[in-house]
file entry-v4.csv (CSV, C-alpha atoms)
chain,number,residue,atom,x,y,z
A,1,MET,CA,-51.2,9.7,16.2
A,2,SER,CA,-47.4,9.2,15.8
A,3,LYS,CA,-46.1,6.6,13.4
A,4,LYS,CA,-44.8,3.4,15.1
A,5,TYR,CA,-41.0,3.3,15.3
A,6,SER,CA,-39.6,0.7,12.9
A,7,GLN,CA,-36.5,-1.2,14.1
A,8,LEU,CA,-35.9,-2.6,10.6
A,9,THR,CA,-36.0,0.9,9.0
A,10,ALA,CA,-33.5,2.2,11.5
A,11,MET,CA,-31.2,-0.8,11.0
A,12,LEU,CA,-31.4,-0.3,7.2
A,13,ALA,CA,-30.5,3.4,7.7
A,14,ILE,CA,-27.4,2.4,9.7
A,15,MET,CA,-26.5,-0.2,7.1
A,16,ARG,CA,-26.7,2.3,4.3
A,17,ALA,CA,-24.7,4.9,6.1
A,18,SER,CA,-22.0,2.3,7.0
A,19,LEU,CA,-21.9,0.9,3.5
A,20,ARG,CA,-21.6,4.3,2.0
A,21,SER,CA,-18.7,5.1,4.4
A,22,ALA,CA,-16.9,1.8,3.5
A,23,PHE,CA,-17.1,2.4,-0.3
A,24,ARG,CA,-15.9,6.0,0.2
A,25,SER,CA,-13.0,4.9,2.3
A,26,MET,CA,-9.9,4.7,0.0
A,27,GLN,CA,-8.1,2.7,2.7
A,28,ALA,CA,-10.8,0.1,2.9
A,29,VAL,CA,-11.1,-0.2,-0.9
A,30,PHE,CA,-7.3,-0.4,-1.3
A,31,PHE,CA,-6.7,-3.1,1.3
A,32,SER,CA,-9.8,-5.1,0.5
A,33,LEU,CA,-9.6,-5.0,-3.3
A,34,PHE,CA,-6.6,-3.3,-5.0
A,35,PHE,CA,-3.9,-4.8,-2.8
A,36,PRO,CA,-5.0,-8.4,-3.3
A,37,ILE,CA,-5.3,-7.7,-7.1
A,38,VAL,CA,-1.7,-6.3,-7.1
A,39,LEU,CA,-0.5,-9.5,-5.3
A,40,ILE,CA,-2.4,-11.7,-7.8
A,41,MET,CA,-0.7,-9.9,-10.7
A,42,ILE,CA,2.7,-10.2,-9.1
A,43,PHE,CA,2.5,-13.8,-8.1
A,44,GLY,CA,0.5,-14.7,-11.2
A,45,SER,CA,3.3,-13.4,-13.4
A,46,LEU,CA,6.0,-15.5,-11.7
A,47,SER,CA,6.7,-19.1,-12.4
A,48,ARG,CA,6.6,-21.4,-9.4
A,49,SER,CA,9.8,-22.2,-7.6
A,50,ARG,CA,10.8,-25.7,-6.9
A,51,PRO,CA,8.6,-27.1,-4.2
A,52,VAL,CA,9.9,-27.9,-0.8
A,53,SER,CA,8.2,-31.3,-0.8
A,54,ILE,CA,6.3,-33.3,-3.4
A,55,ASP,CA,3.3,-35.5,-2.6
A,56,VAL,CA,3.4,-38.9,-4.3
A,57,ALA,CA,2.2,-42.4,-3.8
A,58,PHE,CA,3.4,-45.9,-4.9
A,59,ASP,CA,1.4,-47.9,-7.3
A,60,GLU,CA,0.1,-51.1,-5.8
A,61,ASN,CA,2.0,-53.2,-8.4
A,62,THR,CA,5.4,-51.7,-7.6
A,63,ASP,CA,8.3,-54.0,-7.1
A,64,THR,CA,9.5,-53.2,-3.6
A,65,ALA,CA,12.4,-55.7,-3.3
A,66,ASN,CA,15.1,-53.6,-5.0
A,67,ALA,CA,17.6,-50.8,-4.3
A,68,VAL,CA,15.8,-48.2,-6.5
A,69,TYR,CA,12.5,-48.5,-4.5
A,70,SER,CA,14.4,-48.3,-1.2
A,71,LYS,CA,16.3,-45.2,-2.3
A,72,ILE,CA,13.1,-43.5,-3.4
A,73,ARG,CA,11.6,-44.2,-0.1
A,74,GLU,CA,14.5,-42.5,1.6
A,75,SER,CA,14.2,-39.3,-0.4
A,76,GLN,CA,13.7,-36.2,1.8
A,77,LEU,CA,12.0,-34.4,-1.1
A,78,LEU,CA,9.0,-36.8,-1.3
A,79,ASP,CA,6.0,-37.1,0.9
A,80,PHE,CA,4.3,-40.5,0.5
A,81,GLU,CA,0.5,-40.8,0.6
A,82,GLU,CA,-1.1,-44.1,1.7
A,83,GLY,CA,-4.5,-45.5,0.8
A,84,THR,CA,-6.5,-47.8,-1.4
A,85,THR,CA,-6.1,-47.7,-5.2
A,86,GLU,CA,-9.4,-45.8,-5.5
A,87,GLU,CA,-8.3,-43.2,-3.0
A,88,ILE,CA,-4.9,-42.7,-4.6
A,89,ASN,CA,-6.4,-42.4,-8.1
A,90,GLU,CA,-8.9,-39.8,-6.7
A,91,LEU,CA,-6.0,-37.8,-5.2
A,92,LEU,CA,-4.1,-38.0,-8.5
A,93,SER,CA,-7.1,-36.8,-10.6
A,94,LYS,CA,-7.7,-33.9,-8.2
A,95,GLY,CA,-4.1,-32.8,-8.2
A,96,ARG,CA,-3.5,-33.5,-4.6
A,97,ILE,CA,-0.5,-35.7,-5.4
A,98,THR,CA,2.0,-35.2,-8.2
A,99,ALA,CA,2.2,-38.8,-9.4
A,100,LYS,CA,1.9,-42.5,-8.6
A,101,ILE,CA,5.3,-44.2,-8.8
A,102,LYS,CA,5.5,-47.7,-10.3
A,103,VAL,CA,8.9,-49.4,-10.2
A,104,ILE,CA,8.9,-52.3,-12.7
A,105,PRO,CA,11.8,-54.8,-13.4
A,106,VAL,CA,12.3,-54.8,-17.2
A,107,ALA,CA,15.6,-56.6,-18.1
A,108,LEU,CA,18.8,-57.9,-16.7
A,109,VAL,CA,21.9,-55.7,-16.7
A,110,GLU,CA,24.6,-57.3,-18.8
A,111,ASP,CA,26.9,-59.7,-16.9
A,112,SER,CA,25.0,-59.2,-13.7
A,113,THR,CA,22.2,-60.8,-11.8
A,114,GLU,CA,20.8,-57.4,-11.0
A,115,LYS,CA,17.6,-56.3,-12.8
A,116,ARG,CA,17.1,-53.0,-14.6
A,117,PHE,CA,14.1,-51.0,-13.6
A,118,ASN,CA,11.6,-48.7,-15.3
A,119,VAL,CA,10.4,-46.1,-12.8
A,120,GLN,CA,7.1,-45.2,-14.2
A,121,LEU,CA,5.6,-41.8,-13.2
A,122,ILE,CA,1.9,-41.9,-13.6
A,123,THR,CA,0.6,-38.4,-13.5
A,124,SER,CA,-2.4,-36.3,-14.7
A,125,SER,CA,-3.0,-32.8,-16.1
A,126,ALA,CA,-4.1,-31.7,-12.6
A,127,SER,CA,-0.7,-32.8,-11.1
A,128,MET,CA,1.8,-31.5,-13.7
A,129,LYS,CA,2.8,-28.5,-11.6
A,130,ASP,CA,5.5,-30.4,-9.8
A,131,TYR,CA,6.2,-33.1,-12.4
A,132,GLU,CA,9.5,-31.8,-13.6
A,133,ALA,CA,10.8,-31.5,-10.1
A,134,LEU,CA,9.7,-35.0,-9.3
A,135,LYS,CA,11.3,-36.4,-12.5
A,136,THR,CA,14.6,-34.7,-11.5
A,137,ALA,CA,14.4,-36.1,-8.0
A,138,ILE,CA,13.8,-39.7,-9.3
A,139,GLU,CA,16.7,-39.4,-11.8
A,140,LYS,CA,19.0,-38.3,-9.0
A,141,VAL,CA,17.9,-41.4,-7.0
A,142,ILE,CA,18.8,-43.6,-9.9
A,143,LEU,CA,22.1,-41.9,-10.3
A,144,ASP,CA,22.9,-42.3,-6.6
A,145,VAL,CA,22.1,-46.1,-6.8
A,146,ASP,CA,24.4,-46.3,-9.9
A,147,LYS,CA,27.3,-44.6,-8.0
A,148,GLU,CA,26.8,-46.7,-4.9
A,149,ARG,CA,26.3,-50.2,-6.4
A,150,TYR,CA,27.1,-50.2,-10.1
A,151,PRO,CA,29.7,-47.6,-10.9
A,152,THR,CA,31.1,-49.4,-13.9
A,153,ARG,CA,27.9,-50.8,-15.4
A,154,PRO,CA,24.9,-49.4,-17.3
A,155,SER,CA,22.4,-47.5,-15.3
A,156,VAL,CA,20.2,-49.6,-13.1
A,157,GLY,CA,17.1,-47.8,-14.2
A,158,TYR,CA,15.3,-45.1,-16.2
A,159,THR,CA,12.1,-43.0,-15.9
A,160,SER,CA,9.0,-43.0,-18.1
A,161,MET,CA,5.8,-41.0,-17.9
A,162,GLN,CA,2.2,-42.2,-18.2
A,163,MET,CA,-0.7,-39.6,-18.3
A,164,VAL,CA,-4.2,-40.2,-16.9
A,165,PRO,CA,-7.1,-37.9,-17.4
A,166,GLY,CA,-7.3,-34.8,-15.1
A,167,ARG,CA,-7.9,-31.1,-15.0
A,168,GLU,CA,-4.9,-28.8,-15.5
A,169,TYR,CA,-3.9,-27.3,-12.1
A,170,LYS,CA,-2.6,-23.7,-12.6
A,171,TYR,CA,-0.8,-21.6,-10.0
A,172,MET,CA,-3.7,-19.2,-10.1
A,173,ASP,CA,-6.0,-22.0,-8.8
A,174,PHE,CA,-3.8,-22.1,-5.7
A,175,LEU,CA,-3.2,-18.4,-5.4
A,176,LEU,CA,-6.7,-16.8,-5.8
A,177,PRO,CA,-8.5,-18.6,-3.0
A,178,GLY,CA,-5.6,-17.5,-0.7
A,179,MET,CA,-6.0,-13.9,-1.8
A,180,ILE,CA,-9.7,-14.1,-1.1
A,181,GLY,CA,-8.9,-15.3,2.4
A,182,PHE,CA,-6.2,-12.6,2.8
A,183,SER,CA,-8.7,-9.9,1.8
A,184,LEU,CA,-11.5,-11.2,4.0
A,185,ILE,CA,-9.5,-11.6,7.3
A,186,GLY,CA,-7.7,-8.3,7.0
A,187,ALA,CA,-10.7,-6.1,6.0
A,188,ALA,CA,-13.1,-7.8,8.4
A,189,ILE,CA,-10.9,-7.6,11.5
A,190,PHE,CA,-9.5,-4.1,10.8
A,191,GLY,CA,-12.8,-2.8,9.5
A,192,ILE,CA,-14.9,-3.9,12.4
A,193,ALA,CA,-12.3,-3.1,15.1
A,194,PHE,CA,-11.6,0.4,13.9
A,195,SER,CA,-15.2,1.2,13.0
A,196,PHE,CA,-16.7,0.2,16.3
A,197,PHE,CA,-13.9,1.7,18.4
A,198,SER,CA,-14.3,5.0,16.5
A,199,LEU,CA,-18.1,4.9,17.0
A,200,LYS,CA,-17.6,4.4,20.7
A,201,GLU,CA,-14.8,7.0,21.0
A,202,THR,CA,-17.0,9.6,19.3
A,203,LEU,CA,-20.0,8.6,21.4
A,204,VAL,CA,-22.0,7.7,18.3
A,205,LEU,CA,-22.9,4.3,19.7
A,206,LYS,CA,-24.0,5.9,23.0
A,207,ARG,CA,-26.2,8.3,21.1
A,208,LEU,CA,-27.7,5.5,19.0
A,209,TYR,CA,-28.3,3.5,22.1
A,210,SER,CA,-30.3,6.4,23.5
A,211,THR,CA,-32.7,6.2,20.6
A,212,PRO,CA,-35.5,3.6,20.3
A,213,ILE,CA,-33.4,1.3,18.1
A,214,ARG,CA,-32.3,-1.9,19.8
A,215,ARG,CA,-28.6,-2.8,20.2
A,216,THR,CA,-29.1,-5.9,18.0
A,217,TYR,CA,-30.3,-3.8,15.1
A,218,ILE,CA,-27.4,-1.4,15.4
A,219,LEU,CA,-24.9,-4.3,15.2
A,220,LEU,CA,-26.8,-5.9,12.4
A,221,GLY,CA,-26.9,-2.7,10.4
A,222,GLU,CA,-23.1,-2.3,10.7
A,223,GLY,CA,-22.5,-6.0,10.2
A,224,ILE,CA,-24.6,-6.3,7.0
A,225,ALA,CA,-22.9,-3.3,5.5
A,226,ARG,CA,-19.5,-4.9,6.0
A,227,VAL,CA,-20.7,-8.2,4.6
A,228,ILE,CA,-22.1,-6.5,1.4
A,229,PHE,CA,-18.9,-4.5,1.0
A,230,GLN,CA,-16.5,-7.5,1.4
A,231,LEU,CA,-18.6,-9.9,-0.7
A,232,THR,CA,-18.6,-7.3,-3.5
A,233,THR,CA,-14.8,-7.4,-3.4
A,234,VAL,CA,-14.8,-11.2,-3.5
A,235,VAL,CA,-17.0,-11.1,-6.7
A,236,VAL,CA,-14.5,-8.7,-8.2
A,237,LEU,CA,-11.5,-10.9,-7.2
A,238,ILE,CA,-13.1,-14.0,-8.6
A,239,ALA,CA,-14.0,-12.2,-11.9
A,240,PHE,CA,-10.5,-10.8,-12.2
A,241,GLY,CA,-8.9,-14.2,-11.7
A,242,TYR,CA,-11.3,-15.9,-14.1
A,243,PHE,CA,-11.1,-13.5,-17.0
A,244,ALA,CA,-7.4,-12.4,-16.6
A,245,TYR,CA,-5.8,-15.7,-15.5
A,246,ASP,CA,-8.3,-18.4,-16.4
A,247,PHE,CA,-9.0,-19.3,-12.8
A,248,THR,CA,-10.8,-22.6,-12.6
A,249,LEU,CA,-14.5,-22.6,-11.6
A,250,ALA,CA,-15.0,-26.4,-11.8
A,251,ASN,CA,-18.8,-26.3,-12.0
A,252,GLY,CA,-19.2,-22.7,-13.3
A,253,PHE,CA,-21.9,-20.6,-11.6
A,254,VAL,CA,-22.6,-23.3,-9.0
A,255,THR,CA,-18.9,-23.2,-7.9
A,256,PHE,CA,-19.1,-19.4,-7.8
A,257,LEU,CA,-22.1,-19.5,-5.5
A,258,ASN,CA,-20.4,-22.1,-3.2
A,259,MET,CA,-17.3,-19.9,-3.0
A,260,MET,CA,-19.5,-16.9,-2.0
A,261,LEU,CA,-21.2,-18.9,0.7
A,262,LEU,CA,-17.9,-20.0,2.1
A,263,SER,CA,-16.6,-16.5,1.9
A,264,PHE,CA,-19.7,-15.3,3.9
A,265,VAL,CA,-19.1,-17.9,6.6
A,266,GLY,CA,-15.4,-17.0,6.9
A,267,LEU,CA,-16.2,-13.3,6.9
A,268,VAL,CA,-18.7,-13.6,9.7
A,269,VAL,CA,-16.1,-15.6,11.8
A,270,PHE,CA,-13.4,-13.0,11.1
A,271,MET,CA,-15.8,-10.1,12.0
A,272,GLY,CA,-16.1,-11.7,15.5
A,273,PHE,CA,-12.4,-11.2,16.1
A,274,GLY,CA,-12.9,-7.6,15.1
A,275,PHE,CA,-15.6,-7.2,17.7
A,276,VAL,CA,-13.3,-8.7,20.4
A,277,ILE,CA,-10.5,-6.4,19.5
A,278,SER,CA,-12.7,-3.3,19.5
A,279,GLY,CA,-13.9,-4.4,23.0
A,280,ILE,CA,-10.5,-5.0,24.6
A,281,ALA,CA,-8.6,-2.1,22.9
A,282,LYS,CA,-7.9,0.9,25.1
A,283,ASN,CA,-7.0,3.2,22.2
A,284,GLN,CA,-6.7,3.0,18.4
A,285,ASN,CA,-2.9,2.6,18.5
A,286,VAL,CA,-3.2,-1.0,19.9
A,287,ILE,CA,-5.8,-2.2,17.4
A,288,PRO,CA,-3.2,-2.9,14.7
A,289,ILE,CA,-1.0,-4.8,17.2
A,290,TYR,CA,-3.8,-7.0,18.4
A,291,ALA,CA,-5.0,-7.6,14.8
A,292,ASN,CA,-1.6,-8.4,13.4
A,293,LEU,CA,-0.9,-10.8,16.3
A,294,PHE,CA,-3.8,-12.8,15.1
A,295,MET,CA,-3.5,-12.4,11.3
A,296,PHE,CA,0.2,-12.4,10.5
A,297,PRO,CA,1.0,-15.9,11.6
A,298,GLN,CA,-2.0,-17.1,9.5
A,299,TYR,CA,-0.9,-15.3,6.4
A,300,PHE,CA,2.3,-17.4,6.4
A,301,LEU,CA,1.1,-20.6,7.9
A,302,SER,CA,-2.3,-21.1,6.4
A,303,GLY,CA,-1.4,-21.7,2.8
A,304,THR,CA,-2.1,-18.2,1.6
A,305,PHE,CA,1.1,-17.6,-0.4
A,306,PHE,CA,2.7,-21.0,-0.5
A,307,PRO,CA,1.4,-24.6,0.2
A,308,LYS,CA,1.3,-25.5,3.9
A,309,THR,CA,2.9,-28.8,2.9
A,310,ALA,CA,6.2,-26.9,3.0
A,311,LEU,CA,5.9,-26.9,6.8
A,312,PRO,CA,7.0,-29.7,9.0
A,313,ALA,CA,4.5,-32.5,9.3
A,314,GLY,CA,3.7,-31.8,12.9
A,315,MET,CA,3.1,-28.2,12.3
A,316,GLN,CA,0.8,-29.0,9.3
A,317,THR,CA,-1.6,-30.7,11.7
A,318,ILE,CA,-1.7,-27.7,14.0
A,319,VAL,CA,-2.2,-25.1,11.3
A,320,SER,CA,-5.0,-27.1,9.7
A,321,TYR,CA,-7.2,-26.0,12.6
A,322,LEU,CA,-6.6,-22.3,12.0
A,323,PRO,CA,-9.7,-20.4,10.6
A,324,LEU,CA,-7.9,-19.0,7.6
A,325,THR,CA,-6.5,-22.5,6.7
A,326,ALA,CA,-10.0,-23.9,6.9
A,327,LEU,CA,-11.3,-21.2,4.6
A,328,ASN,CA,-8.4,-21.4,2.1
A,329,ASP,CA,-8.7,-25.2,1.9
A,330,ALA,CA,-12.4,-25.2,1.5
A,331,LEU,CA,-12.3,-22.5,-1.3
A,332,ARG,CA,-9.6,-24.5,-3.2
A,333,LYS,CA,-11.6,-27.8,-2.9
A,334,VAL,CA,-14.8,-26.2,-4.2
A,335,ALA,CA,-13.1,-24.1,-7.0
A,336,PHE,CA,-10.7,-26.6,-8.5
A,337,GLU,CA,-12.1,-30.0,-7.5
A,338,GLY,CA,-15.7,-29.1,-7.9
A,339,THR,CA,-16.7,-30.6,-4.6
A,340,GLY,CA,-19.9,-29.5,-2.9
A,341,LEU,CA,-20.2,-27.8,0.5
A,342,LEU,CA,-21.0,-31.1,2.2
A,343,SER,CA,-17.6,-32.3,1.2
A,344,CYS,CA,-16.1,-29.4,3.1
A,345,TRP,CA,-17.8,-30.4,6.3
A,346,LYS,CA,-14.5,-30.5,8.2
A,347,GLU,CA,-13.4,-27.0,7.1
A,348,ILE,CA,-16.9,-25.6,7.8
A,349,GLY,CA,-16.9,-27.3,11.2
A,350,ILE,CA,-13.6,-25.7,12.1
A,351,LEU,CA,-14.9,-22.2,11.1
A,352,ALA,CA,-18.1,-22.8,13.0
A,353,GLY,CA,-16.1,-23.8,16.1
A,354,TRP,CA,-14.0,-20.7,15.9
A,355,GLY,CA,-17.2,-18.6,15.3
A,356,PHE,CA,-18.9,-20.0,18.4
A,357,LEU,CA,-15.8,-19.3,20.6
A,358,VAL,CA,-15.1,-15.8,19.3
A,359,TYR,CA,-18.7,-14.6,19.6
A,360,LEU,CA,-18.9,-16.0,23.1
A,361,VAL,CA,-15.8,-13.9,24.0
A,362,ALA,CA,-17.2,-10.9,22.1
A,363,VAL,CA,-20.4,-10.9,24.1
A,364,LYS,CA,-18.3,-10.7,27.3
A,365,VAL,CA,-15.8,-8.0,26.3
A,366,PHE,CA,-17.8,-5.8,23.9
A,367,LYS,CA,-18.6,-2.3,25.3
A,368,TRP,CA,-20.9,0.4,24.1
A,369,GLU,CA,-18.9,3.2,25.7
call {"tool": "encode", "arguments": {"input": "entry-v4.csv", "output": "structure tokens"}}
result
Amino acid sequence: MSKKYSQLTAMLAIMRASLRSAFRSMQAVFFSLFFPIVLIMIFGSLSRSRPVSIDVAFDENTDTANAVYSKIRESQLLDFEEGTTEEINELLSKGRITAKIKVIPVALVEDSTEKRFNVQLITSSASMKDYEALKTAIEKVILDVDKERYPTRPSVGYTSMQMVPGREYKYMDFLLPGMIGFSLIGAAIFGIAFSFFSLKETLVLKRLYSTPIRRTYILLGEGIARVIFQLTTVVVLIAFGYFAYDFTLANGFVTFLNMMLLSFVGLVVFMGFGFVISGIAKNQNVIPIYANLFMFPQYFLSGTFFPKTALPAGMQTIVSYLPLTALNDALRKVAFEGTGLLSCWKEIGILAGWGFLVYLVAVKVFKWE
């Protein structure tokens, strides 16, 4: 009596073969692992340039009836956050704003009814990355007020700093999550698209389909192999950032696990786009065109290499709904702020929405021949 055919055994055989092929592919290893590591080393060795805009908020006790406050409000370099005192303090402690600005009248200028003002910059260790740029901007504001209204008198104001507790925010804490997203989206889309197109073109899929194994197990075998390969590269990237550049894992191993879960969700979504491209591509030459049309705008708009706050406000709203933006934002919140996955419900919801849509399309366009 013949042994019963095992779908699971067949799926595992496909998975092992695909995984072995992925690890043996120098191109896959280079673009998934070594290329992001090279970028981390390049950007990690460079100091940050002056930001395009700086996020700040006014302290609730700020004196608003003066020229210094009005001039600060007019600054094109500053973006002002609004909220309750508790909300602003939370943004400050998590490094989402550079400082709270508190304008305080301190003394009368000699022979004048005008008051002198102390512009107090309340910042934290988490927010120090843009502090010097902010201080320079405020000092320029004070100088402008002096030139316009008091050219022959002592300066109308001066700056001072107050530190509140907060975790130090390093450039690597911004860069590494972006590099993880960069690695996942590129490898997932190109890997799936080229792999399945090649399997179709060489009639391997057709031959597999003629065997007792079901289509679902064929897809699962290939998909699981890709997931194992890519998540392995994520582990290496996080370890490299942590040991070489002191990348922040706010809650240690728990944060690492949360980052892996987010990477898995993002990877599954990006693989869906690979299935769509492999289904609509007529030949291998058009696969890079379709893939780059989807990926390249996200590389530069989704906060991979520079903060998306550098974009116009209207565009920031649009790009926040891109899948790579959602993944990058969620990874940064989990890694540096130490938030749980439930706090990333918006970003996970965006990824889930894209996943639902892309697999709906993939079912329609994917072909076995």
call {"tool": "atom_distance", "arguments": {"input": "entry-v4.csv", "atom1": "atom CA of A:Leu267", "atom2": "atom CA of A:Ile180"}}
result
10.3 Å
call {"tool": "residues_around", "arguments": {"input": "entry-v4.csv", "residues": "A:Ala362", "least_positions_apart": "5", "cutoff": "10 Å", "atoms": "only C-alpha atoms", "output": "ChimeraX atom specification"}}
result
/A:272-280,356-357,367
call {"tool": "closest_residue", "arguments": {"input": "entry-v4.csv", "among": "A:Val269, A:Ile287, A:Leu91, A:Ala99", "to": "A:Tyr359", "atoms": "only C-alpha atoms"}}
result
A:Val269
call {"tool": "closest_residue", "arguments": {"input": "entry-v4.csv", "among": "A:Phe366, A:Lys102, A:Glu148, A:Glu201", "to": "A:Met161", "atoms": "all atoms listed in the file"}}
result
A:Lys102
call {"tool": "residues_around", "arguments": {"input": "entry-v4.csv", "residues": "A:Glu81", "least_positions_apart": "2", "cutoff": "12 Å", "atoms": "only C-alpha atoms", "output": "VMD selection string"}}
result
chain A and resid 54 to 59 73 78 to 79 83 to 85 87 to 92 96 to 101
call {"tool": "closest_residue", "arguments": {"input": "entry-v4.csv", "among": "A:Gly157, A:Pro323, A:Gly266, A:Gly355", "to": "A:Val227", "atoms": "only C-alpha atoms"}}
result
A:Gly266
call {"tool": "residues_around", "arguments": {"input": "entry-v4.csv", "residues": "A:Thr339", "least_positions_apart": "5", "cutoff": "10 Å", "atoms": "all atoms listed in the file", "output": "list in words"}}
result
Ala250, Asn251, Thr255, Asn258, Ala330, Leu331, Arg332, Lys333, Val334 and Cys344 of chain A
call {"tool": "closest_residue", "arguments": {"input": "entry-v4.csv", "among": "A:Leu121, A:Arg24, A:Thr62, A:Ser70", "to": "A:Val103", "atoms": "all atoms listed in the file"}}
result
A:Thr62
call {"tool": "closest_residue", "arguments": {"input": "entry-v4.csv", "among": "A:Gln162, A:Thr216, A:Ile40, A:Ala22", "to": "A:Ile122", "atoms": "only C-alpha atoms"}}
result
A:Gln162
call {"tool": "closest_residue", "arguments": {"input": "entry-v4.csv", "among": "A:Phe270, A:Phe256, A:Trp354, A:Phe229", "to": "A:Phe190", "atoms": "all atoms listed in the file"}}
result
A:Phe270
call {"tool": "atom_distance", "arguments": {"input": "entry-v4.csv", "atom1": "atom CA of A:Leu12", "atom2": "atom CA of A:Leu237"}}
result
26.8 Å
call {"tool": "residues_near_point", "arguments": {"input": "entry-v4.csv", "point": "(2.1, -18.8, 5.1)", "cutoff": "12 Å", "atoms": "all atoms listed in the file", "output": "PyMOL selection string"}}
result
chain A and resi 175+178-179+181-182+295-311+315-316+319-320+322+324-325+328
call {"tool": "residues_around", "arguments": {"input": "entry-v4.csv", "residues": "A:Met260", "least_positions_apart": "5", "cutoff": "10 Å", "atoms": "all atoms listed in the file", "output": "list in words"}}
result
Leu231, Thr232, Val234, Val235, Ile238, Val254, Thr255, Val265, Gly266 and Leu331 of chain A
call {"tool": "write_last_selection", "arguments": {"input": "entry-v4.csv", "atoms": "C-alpha atoms", "output": "short mmCIF file (atom, residue, chain, number, x, y, z; two decimals), in the coordinates of the input"}}
result
data_model
loop_
_atom_site.label_atom_id
_atom_site.label_comp_id
_atom_site.auth_asym_id
_atom_site.auth_seq_id
_atom_site.Cartn_x
_atom_site.Cartn_y
_atom_site.Cartn_z
CA LEU A 231 -18.60 -9.90 -0.70
CA THR A 232 -18.60 -7.30 -3.50
CA VAL A 234 -14.80 -11.20 -3.50
CA VAL A 235 -17.00 -11.10 -6.70
CA ILE A 238 -13.10 -14.00 -8.60
CA VAL A 254 -22.60 -23.30 -9.00
CA THR A 255 -18.90 -23.20 -7.90
CA VAL A 265 -19.10 -17.90 6.60
CA GLY A 266 -15.40 -17.00 6.90
CA LEU A 331 -12.30 -22.50 -1.30
#
call {"tool": "residues_near_point", "arguments": {"input": "entry-v4.csv", "point": "(-9.0, -21.7, -15.3)", "cutoff": "12 Å", "atoms": "only C-alpha atoms", "output": "PDB file with C-alpha atoms, in the coordinates of the input"}}
result
ATOM      1  CA  ALA A 126      -4.100 -31.700 -12.600  1.00  0.00           C
ATOM      2  CA  ARG A 167      -7.900 -31.100 -15.000  1.00  0.00           C
ATOM      3  CA  GLU A 168      -4.900 -28.800 -15.500  1.00  0.00           C
ATOM      4  CA  TYR A 169      -3.900 -27.300 -12.100  1.00  0.00           C
ATOM      5  CA  LYS A 170      -2.600 -23.700 -12.600  1.00  0.00           C
ATOM      6  CA  TYR A 171      -0.800 -21.600 -10.000  1.00  0.00           C
ATOM      7  CA  MET A 172      -3.700 -19.200 -10.100  1.00  0.00           C
ATOM      8  CA  ASP A 173      -6.000 -22.000  -8.800  1.00  0.00           C
ATOM      9  CA  PHE A 174      -3.800 -22.100  -5.700  1.00  0.00           C
ATOM     10  CA  LEU A 175      -3.200 -18.400  -5.400  1.00  0.00           C
ATOM     11  CA  LEU A 176      -6.700 -16.800  -5.800  1.00  0.00           C
ATOM     12  CA  ILE A 238     -13.100 -14.000  -8.600  1.00  0.00           C
ATOM     13  CA  ALA A 239     -14.000 -12.200 -11.900  1.00  0.00           C
ATOM     14  CA  PHE A 240     -10.500 -10.800 -12.200  1.00  0.00           C
ATOM     15  CA  GLY A 241      -8.900 -14.200 -11.700  1.00  0.00           C
ATOM     16  CA  TYR A 242     -11.300 -15.900 -14.100  1.00  0.00           C
ATOM     17  CA  PHE A 243     -11.100 -13.500 -17.000  1.00  0.00           C
ATOM     18  CA  ALA A 244      -7.400 -12.400 -16.600  1.00  0.00           C
ATOM     19  CA  TYR A 245      -5.800 -15.700 -15.500  1.00  0.00           C
ATOM     20  CA  ASP A 246      -8.300 -18.400 -16.400  1.00  0.00           C
ATOM     21  CA  PHE A 247      -9.000 -19.300 -12.800  1.00  0.00           C
ATOM     22  CA  THR A 248     -10.800 -22.600 -12.600  1.00  0.00           C
ATOM     23  CA  LEU A 249     -14.500 -22.600 -11.600  1.00  0.00           C
ATOM     24  CA  ALA A 250     -15.000 -26.400 -11.800  1.00  0.00           C
ATOM     25  CA  ASN A 251     -18.800 -26.300 -12.000  1.00  0.00           C
ATOM     26  CA  GLY A 252     -19.200 -22.700 -13.300  1.00  0.00           C
ATOM     27  CA  ALA A 335     -13.100 -24.100  -7.000  1.00  0.00           C
ATOM     28  CA  PHE A 336     -10.700 -26.600  -8.500  1.00  0.00           C
ATOM     29  CA  GLU A 337     -12.100 -30.000  -7.500  1.00  0.00           C
TER      30      GLU A 337
END
call {"tool": "atom_distance", "arguments": {"input": "entry-v4.csv", "atom1": "atom CA of A:Leu134", "atom2": "atom CA of A:Asp329"}}
result
23.7 Å
